[in-house]
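Enquirer: Below you will find the structure I want to go over with you.
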Number of protein chains: 4
Amino acid sequence: MKKLRIGLIGYGFMGRAHSNAYRKVGNFFAVEHECVLQAVCARDAAKAQAFAARWGYRSVETDWRKLIARDDIDVVDICVPNNLHAEISIAAAKAGKMILCEKPLAMNGSEGKKMVAAVEKAKVPNMVWYNYRRIPAVTLAKQLIGEGRLGKIFHYRAKFLQDWTISADLPQGGTGLWRLDVKAAGSGVTGDLLAHCIDTALWLNGGIETVNAMTETFIKQRKHTLTGKVEKVGIDDACAFLARFNNGSLATFESTRYARGHKALYTFEINGEHASIFWDLHDLHRLQYFDHRDEGLVRGWRSIHVSDGDQPYMKHWWVPGLQIGYEHSFIHQVADFLKGIETGKPAGPTFRDALETQLVCDAVLASAKTDAWQKVKTLAK
Amino acid sequence: MKKLRIGLIGYGFMGRAHSNAYRKVGNFFAVEHECVLQAVCARDAAKAQAFAARWGYRSVETDWRKLIARDDIDVVDICVPNNLHAEISIAAAKAGKMILCEKPLAMNGSEGKKMVAAVEKAKVPNMVWYNYRRIPAVTLAKQLIGEGRLGKIFHYRAKFLQDWTISADLPQGGTGLWRLDVKAAGSGVTGDLLAHCIDTALWLNGGIETVNAMTETFIKQRKHTLTGKVEKVGIDDACAFLARFNNGSLATFESTRYARGHKALYTFEINGEHASIFWDLHDLHRLQYFDHRDEGLVRGWRSIHVSDGDQPYMKHWWVPGLQIGYEHSFIHQVADFLKGIETGKPAGPTFRDALETQLVCDAVLASAKTDAWQKVKTLAK
Amino acid sequence: MKKLRIGLIGYGFMGRAHSNAYRKVGNFFAVEHECVLQAVCARDAAKAQAFAARWGYRSVETDWRKLIARDDIDVVDICVPNNLHAEISIAAAKAGKMILCEKPLAMNGSEGKKMVAAVEKAKVPNMVWYNYRRIPAVTLAKQLIGEGRLGKIFHYRAKFLQDWTISADLPQGGTGLWRLDVKAAGSGVTGDLLAHCIDTALWLNGGIETVNAMTETFIKQRKHTLTGKVEKVGIDDACAFLARFNNGSLATFESTRYARGHKALYTFEINGEHASIFWDLHDLHRLQYFDHRDEGLVRGWRSIHVSDGDQPYMKHWWVPGLQIGYEHSFIHQVADFLKGIETGKPAGPTFRDALETQLVCDAVLASAKTDAWQKVKTLAK
Amino acid sequence: MKKLRIGLIGYGFMGRAHSNAYRKVGNFFAVEHECVLQAVCARDAAKAQAFAARWGYRSVETDWRKLIARDDIDVVDICVPNNLHAEISIAAAKAGKMILCEKPLAMNGSEGKKMVAAVEKAKVPNMVWYNYRRIPAVTLAKQLIGEGRLGKIFHYRAKFLQDWTISADLPQGGTGLWRLDVKAAGSGVTGDLLAHCIDTALWLNGGIETVNAMTETFIKQRKHTLTGKVEKVGIDDACAFLARFNNGSLATFESTRYARGHKALYTFEINGEHASIFWDLHDLHRLQYFDHRDEGLVRGWRSIHVSDGDQPYMKHWWVPGLQIGYEHSFIHQVADFLKGIETGKPAGPTFRDALETQLVCDAVLASAKTDAWQKVKTLAK
């Protein structure tokens with residue numbers, strides 16, 4: 001079995017999710033590569049060591065440049081804050097490494113374009129961790145749409161609602177809180193949460209033409225963990241936008257961290273001429289499906305428990321009725337990435353795909369700033 | 001328009017529900033009879049008067065015998081405690097009145113048989129108010145089963161759960177509480193709640209052959225409102241039974257007034273070879289339907305919002321998406337009763353139908369007493 | 001008992017809903033007035049006659065001016081297309097009639113202002129049939145917000161989704177279809193459906209400051225029933241908008257008649273600092289409530305079955321667990337209107353309240369036309 | 001780190017679930033032992049070899065006796081059909097191995113007693129894989145009950161519904177189908193599915209006193225995979241029973257493989273004086289909780305999304321809102337088993353605990369056979 005030696009940079013929430021995926025993929029999927037946990041890299045040597053021990057990484061680095069320079073590393077997996085994605089990616093591409101980068105791709109489209117140029121010039125396999133595409137129910141939605149079951153699409157609506165930053169006492173910046181620090185994150189919910197919604201939307205419903213957004217920062221100042229001072233909050237706490245897709249459909253998108261009662265409620269709905277689909281991250285193993293072609297007397301929304309062997313990815317798991325969870329989306333993504341390098345047909349979203357999402361985010365933020373509709377500067381045309 | 005002059009005996013919860021039905025049926029259904037609220041009868045003259053004023057009854061009686069003796073009454077509607085059903089029904093039948101009697105038909109099968117004999121001898125139209133048959137979603141269930149969509153039936157399960165008698169301070173007997181008084185009610189949840197479940201079950205799934213029950217009285221003594229003394233509680237607070245239907249299907253039935261969190265949770269589910277059905281009184285406008293013949297990939301329980309014009313009774317009401325409520329089942333029952341006397345094809349459940357339910361109740365109570373399976377003494381064969 | 005003689009103009013869907021309310025209110029509510037169905041008015045004499053017979057109206061008119069001129073009419077109830085609201089209301093006000101007008105108030109704010117001026121000059125009781133305020137679950141939401149349970153409000157989102165105009169074969173104009181004819185309706189989903197959402201929102205969450213909308217007409221041409229010709233469709237098939245409320249909260253609103261699978265899915269959600277609320281017209285008897293002050297271990301969205309006697313309006317109906325339906329909102333509105341004239345404290349929404357909704361609709365349509373944020377020209381300040 | 005060398009017997013569905021648990025536990029839980037996948041044993045050497053390669057087992061055996069005889073094995077994990085549990089367990093106990101045995105413990109109570117005697121005599125840690133106790137929502141239910149939140153318990157009801165054996169073409173016996181073969185399985189749904197329900201029930205609600213059951217075999221004959229002949233089916237396809245617990249509560253239990261539309265619908269509900277709980281395997285990450293002590297106005301069933309760090313086991317996983325799945329219950333069980341051997345306080349269910357479940361199953365089957373109530377022959381008193 002061929003070995004694929006992973007060098008992981010960062011050991012937080014995503015570092016764990018990815019490590020778990022590398023360790024499990026071979027048990028459940030007939031892939032040709034064995035993922036070897038070669039090295040983990042983090043500035044804090046003790047923490048990196050502890051993480052390596054817990055997960056079985058063979059070595060530790062404290063400087064990502066050294067990791068990239070090692071020739072016993074095939075894949076660089078970037079799980080650090082957004083402001084480091086570009087630099088690391090470009091360096092890794094130059095070093096000829098395959099790159100798996102956490103989302104969002106970059107701080108903005110301009111950074112993203114350089115990253116795409118770098119990986120495409122280096123011809124290295126690359127992928128961004130928009131993992132929700134590979135929740136089986138979401139993949140099933142893609143399949144149903146691909147089969148044309150929905151007919152002409154009229155509406156798309158997506159939300160990603162959380163409630164974890166309502167307290168004004170929460171500081172910004174530092175471990176676990178860099179998402180509140182605009183310098184590390186680039187933006188607030190737009191890059192963190194709406195980016196997921198946009199990635200799925202582009203995948204399911206094609207390109208977005210124009211957007212019109214509003215953002216809000218409810219808590220204007222927070223103590224900064226790194227400086228110890230109360231500083232202006234630079235991120236968007238909430239963002240909602242209207243959009244028009246290339247296919248003529250209308251959309252609403254919304255995200256916030258101030259929606260009391262919702263922990264991670266990512267939902268999307270798509271209404272077509274013949275059928276509609278709804279999905280909800282809080283019950284991620286179900287897909288709601290309505291088909292108008294059903295006989296009128298017994299027509300209704302179907303709650304599909306996506307756990308049968310003929311549904312996406314599910315034959316690799318347990319038996320019908322037994323659900324899998326959030327972490328499995330990462331395992332599926334690794335499985336598909338491996339298959340991609342085995343077949344030469346890259347699994348998405350590639351850096352180029354993720355750049356499209358970035359460009360929508362840019363347009364959204366620009367619209368909020370200008371109070372005006374903005375065209376998305378897509379590369380796709 | 002022909003007039004049908006109603007004489008209502010009793011003015012409680014059911015008196016209101018029936019009066020509302022008589023008043024509304026002609027506005028929504030093209031029936032040939034006008035229901036005239038001719039007289040209401042109750043022992044307390046002042047209360048009867050007030051009820052008559054509120055509802056538009058033209059006269060008041062305080063003795064049901066006088067009501068029955070009046071020749072300006074066509075229909076006697078019996079809404080008094082169970083221990084009076086037989087006597088009033090039999091007298092009304094002798095007087096040649098049509099009879100609408102609240103459920104359960106009688107205190108027991110033996111009483112019920114006399115009532116059936118009386119109405120059949122008198123050849124008077126008769127019906128028992130098992131109103132749940134005419135919730136549109138339930139009627140739709142009947143239609144789907146009638147069309148053979150479920151195939152061979154394997155399982156039936158029904159529950160009727162309430163929680164209003166958990167407090168030991170609740171007295172037994174008297175206004176609104178006669179259901180706790182075994183002398184007035186005959187039994188507890190068996191006659192009050194399971195009778196509904198059984199009526200629906202016999203209608204949907206045919207005859208029950210044998211039953212095996214357990215009952216419990218959790219609060220052994222309660223103050224009796226009428227005597228003022230603490231007395232032994234004679235009713236069953238809870239009853240559950242196993243059953244076998246003639247068609248070979250197995251069933252579980254359960255009812256209680258000690259299921260915290262459930263106000264009136266009547267549910268039934270029926271599992272057939274090809275399809276299954278589930279219904280729930282707390283969301284009475286929906287029917288859950290699963291059809292195994294649906295394509296595997298998108299198979300799921302359908303939540304049918306029973307509010308379209310092609311679904312039972314709904315063309316008489318509003319527009320799709322707008323739900324009706326509990327009280328409408330009574331209006332439907334009056335509409336069907338009127339249609340029955342217009343066409344000569346009596347609407348069910350007749351006294352004879354309701355006697356079958358009574359005989360199942362008898363077998364259930366006998367089984368609980370004897371701790372043994374009991375055959376149902378059906379008249380149907 | 002005092003009599004309130006109703007003159008109804010129009011006999012469609014709303015004519016029935018209102019007639020039912022007048023007939024039932026006295027049976028269930030202790031009001032001081034008896035609603036007398038004095039006259040119904042419609043151009044087609046035969047149909048008006050049939051309607052009068054079905055509902056018990058004592059007389060028929062075919063010219064609304066004659067109805068208004070009669071001195072045996074106390075209340076004029078306007079159930080005709082939107083383009084007639086202003087003329088009839090103003091004439092009825094001049095004739096000193098109380099006025100109940102279907103929603104939306106007018107074709108636009110300018111008409112609406114004249115109507116408000118007319119009823120306020122005439123000092124006649126007036127109300128607009130935004131009935132959803134009086135669905136008990138919605139009234140409960142108002143009560144909870146009024147008690148300050150939600151704390152500072154961050155987000156409001158509302159949708160009203162239907163799917164009945166997807167077919168291109170559906171004509172515009174004529175009986176039952178005037179809602180598709182811009183000359184009769186003024187606008188499409190904005191005035192028909194979003195107006196409901198806006199009325200509720202203003203009531204629950206206060207004034208709206210600015211809006212940013214997009215509209216779409218998916219089917220550009222339809223046969224016009226009245227002219228027989230294929231004509232340009234002038235209404236908005238779909239409309240979505242962003243909004244900012246005076247209280248600093250952000251909102252999204254959306255309505256369409258192209259959302260396959262939804263018949264009349266009006267939903268709203270409001271997220272506050274401490275608690276959140278969600279409601280859905282398809283299960284109108286439930287309110288979803290999340291309270292962050294609940295102990296963390298057992299915190300969750302509560303599904304409140306609004307059928308207990310201590311919940312708004314419910315003590316007038318049946319017993320806990322038994323739901324009421326859509327039509328009851330109209331009965332509640334009549335009961336409150338009667339109480340308003342009995343106490344001198346007018347029940348809302350008055351014409352003035354409804355004008356605020358109209359002004360939001362105007363801003364929405366102007367925004368969609370100009371592709372720019374629009375300030376709402378509220379009278380409230 | 002201490003090593004615990006696992007010898008797995010059997011490589012089917014459960015073999016995979018357990019192997020996954022051993023591999024993952026150390027990544028997520030701070031345990032003192034490393035689970036080493038030392039050997040897997042199966043009669044078919046090629047299949048065992050493939051399984052070992054896939055999961056990383058270091059060696060392979062084809063005779064379980066040899067596996068037990070090895071002194072490099074600390075734990076014997078038994079994942080073979082029920083008819084082999086006793087023999088292997090007793091041999092393993094004699095060899096001084098720790099034993100983890102798939103459920104149900106044995107073919108019947110008599111076998112089970114010998115197994116308990118063997119492990120207790122050998123003083124080896126032992127556990128049975130009733131994994132559902134460690135679904136976090138179920139563990140939370142246990143915690144809430146343990147804190148006395150429900151008050152006196154009135155009712156318990158459990159169901160385990162499947163639909164995978166409806167086709168008469170399905171053979172009995174052989175790989176994946178031994179559950180239909182009475183010689184391998186001992187019973188049908190009683191030992192396979194109801195045993196889960198009973199284990200949970202005894203854990204949550206204490207001992208069962210008496211039971212009254214009915215069973216049915218809908219398909220009387222099936223082709224036997226091993227003999228190739230059509231043979232009588234010896235298992236119960238469906239089983240329902242009434243029960244009384246020691247604490248005075250009443251219960252209904254039901255299981256079937258003929259409930260169209262349900263793949264693995266294990267549900268239980270428990271109604272107490274103050275509060276009620278409901279859980280459902282198809283949405284295993286949620287617990288429904290109703291607390292009557294909530295203020296009446298906003299009382300309702302709470303849907304608890306069990307994914308917060310203060311809820312059982314969840315701090316070991318991801319972040320609030322992100323659900324885990326079925327397989328995690330096994331990981332939790334291994335974590336608890338390890339903690340048990342570390343602390344000397346054995347994690348349940350031990351063989352002795354599982355024997356109680358077996359004795360209820362025995363009483364259930366005896367009751368169905370005799371058509372009479374049966375006392376449970378519990379060891380607990």
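Within each chain, counting starts at residue 1; across the structure tokens, chains are named A, B, ... in the order shown, with ligands numbered 1 upward in that order.
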Write out as a PDB file with N, CA, C and O atoms, in the first residue's frame which residues come within 10 Å of Ile341 in chain D when counting only C-alpha atoms, dropping same-chain ones fewer than 6 positions away.
Expert:
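The resulting out_20.pdb:
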```pdb
ATOM      1  N   GLU D  32      -5.707   5.208  30.538  1.00  0.00           N
ATOM      2  CA  GLU D  32      -4.348   4.786  30.888  1.00  0.00           C
ATOM      3  C   GLU D  32      -3.842   3.610  30.071  1.00  0.00           C
ATOM      4  O   GLU D  32      -2.682   3.253  30.125  1.00  0.00           O
ATOM      5  N   HIS D  33      -4.791   2.983  29.362  1.00  0.00           N
ATOM      6  CA  HIS D  33      -4.410   1.816  28.568  1.00  0.00           C
ATOM      7  C   HIS D  33      -4.459   2.118  27.083  1.00  0.00           C
ATOM      8  O   HIS D  33      -5.366   2.800  26.624  1.00  0.00           O
ATOM      9  N   MET D  98      -9.980 -11.149  30.444  1.00  0.00           N
ATOM     10  CA  MET D  98     -11.115 -10.241  30.526  1.00  0.00           C
ATOM     11  C   MET D  98     -12.039 -10.573  29.356  1.00  0.00           C
ATOM     12  O   MET D  98     -11.581 -10.957  28.292  1.00  0.00           O
ATOM     13  N   VAL D 124     -12.577 -12.164  36.528  1.00  0.00           N
ATOM     14  CA  VAL D 124     -12.104 -11.393  35.377  1.00  0.00           C
ATOM     15  C   VAL D 124     -13.091 -10.280  35.067  1.00  0.00           C
ATOM     16  O   VAL D 124     -14.311 -10.463  35.163  1.00  0.00           O
ATOM     17  N   PRO D 125     -12.565  -9.117  34.750  1.00  0.00           N
ATOM     18  CA  PRO D 125     -13.460  -8.047  34.297  1.00  0.00           C
ATOM     19  C   PRO D 125     -14.303  -8.544  33.130  1.00  0.00           C
ATOM     20  O   PRO D 125     -13.790  -9.249  32.252  1.00  0.00           O
ATOM     21  N   ASN D 126     -15.565  -8.159  33.133  1.00  0.00           N
ATOM     22  CA  ASN D 126     -16.465  -8.654  32.088  1.00  0.00           C
ATOM     23  C   ASN D 126     -17.539  -7.630  31.813  1.00  0.00           C
ATOM     24  O   ASN D 126     -17.955  -6.877  32.685  1.00  0.00           O
ATOM     25  N   ALA D 347     -17.431  -1.179  35.057  1.00  0.00           N
ATOM     26  CA  ALA D 347     -18.480  -0.535  34.268  1.00  0.00           C
ATOM     27  C   ALA D 347     -19.522  -1.573  33.890  1.00  0.00           C
ATOM     28  O   ALA D 347     -19.190  -2.722  33.623  1.00  0.00           O
TER      29      ALA D 347
END
```
Enquirer: For chain B against chain A, which residues fall within 6 Å using only C-alpha atoms, given as a count of residues only?
Expert: 6
Enquirer: What parts of range 219-366 of chain C does DSSP call strand (DSSP E)? I'd like the answer as a PyMOL selection string.
Expert: chain C and resi 221-223+230-232+238-245+250-256+265-272+275-280+286-291+301-305
Enquirer: For Gly261 in chain B, which of D:Lys232, D:Lys121, D:His155, D:His292 is the closest residue, counting only C-alpha atoms?
Expert: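 Result for the nearest residue to Gly261 in chain B: D:His292.
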Enquirer: If you run DSSP over the backbone, which residues in range 55-277 of chain B end up helix (DSSP H, G or I)? Put them as a ChimeraX atom specification.
Expert: /B:55,64-69,82-94,109-122,131-134,136-146,178-180,182-185,189-205
Enquirer: Find, counting only C-alpha atoms, the residue in D:Thr62, D:Gln374, D:Gln38, D:Asn108 that gets nearest to Gly10 in chain D.
Expert: D:Thr62
Enquirer: Could you give me, as a PyMOL selection string, the residues within 7 Å of range 214-231 of chain D, counting only C-alpha atoms and dropping anything in the same chain fewer than 6 positions from it?
Expert: chain D and resi 168+171-174+237-241+368
Enquirer: May I have the residues within 8 Å of Asn83 in chain B as a PyMOL selection string, using only C-alpha atoms and disregarding those fewer than 4 positions away in the same chain?
Expert: chain B and resi 106-107+183-186
Enquirer: In Å, rounded to a single decimal, give me how far CA of Thr252 in chain D is from CA of Ala243 in chain B.
Expert: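 One can read the CA of Ala243 in chain B to CA of Thr252 in chain D distance as 12.6 Å.
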Enquirer: Determine the nearest neighbour of Asp362 in chain C from the options C:Thr165, C:Ser19, C:Asn82, C:Thr378, counting only C-alpha atoms.
Expert: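 Closest to Asp362 in chain C of all the choices is C:Thr378.
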Enquirer: For a test of reading the model, state the distance in Å between CA of Phe330 in chain B and CA of Arg133 in chain B, rounded to one decimal.
Expert: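 Going from CA of Phe330 in chain B over to CA of Arg133 in chain B, I get 9.8 Å.
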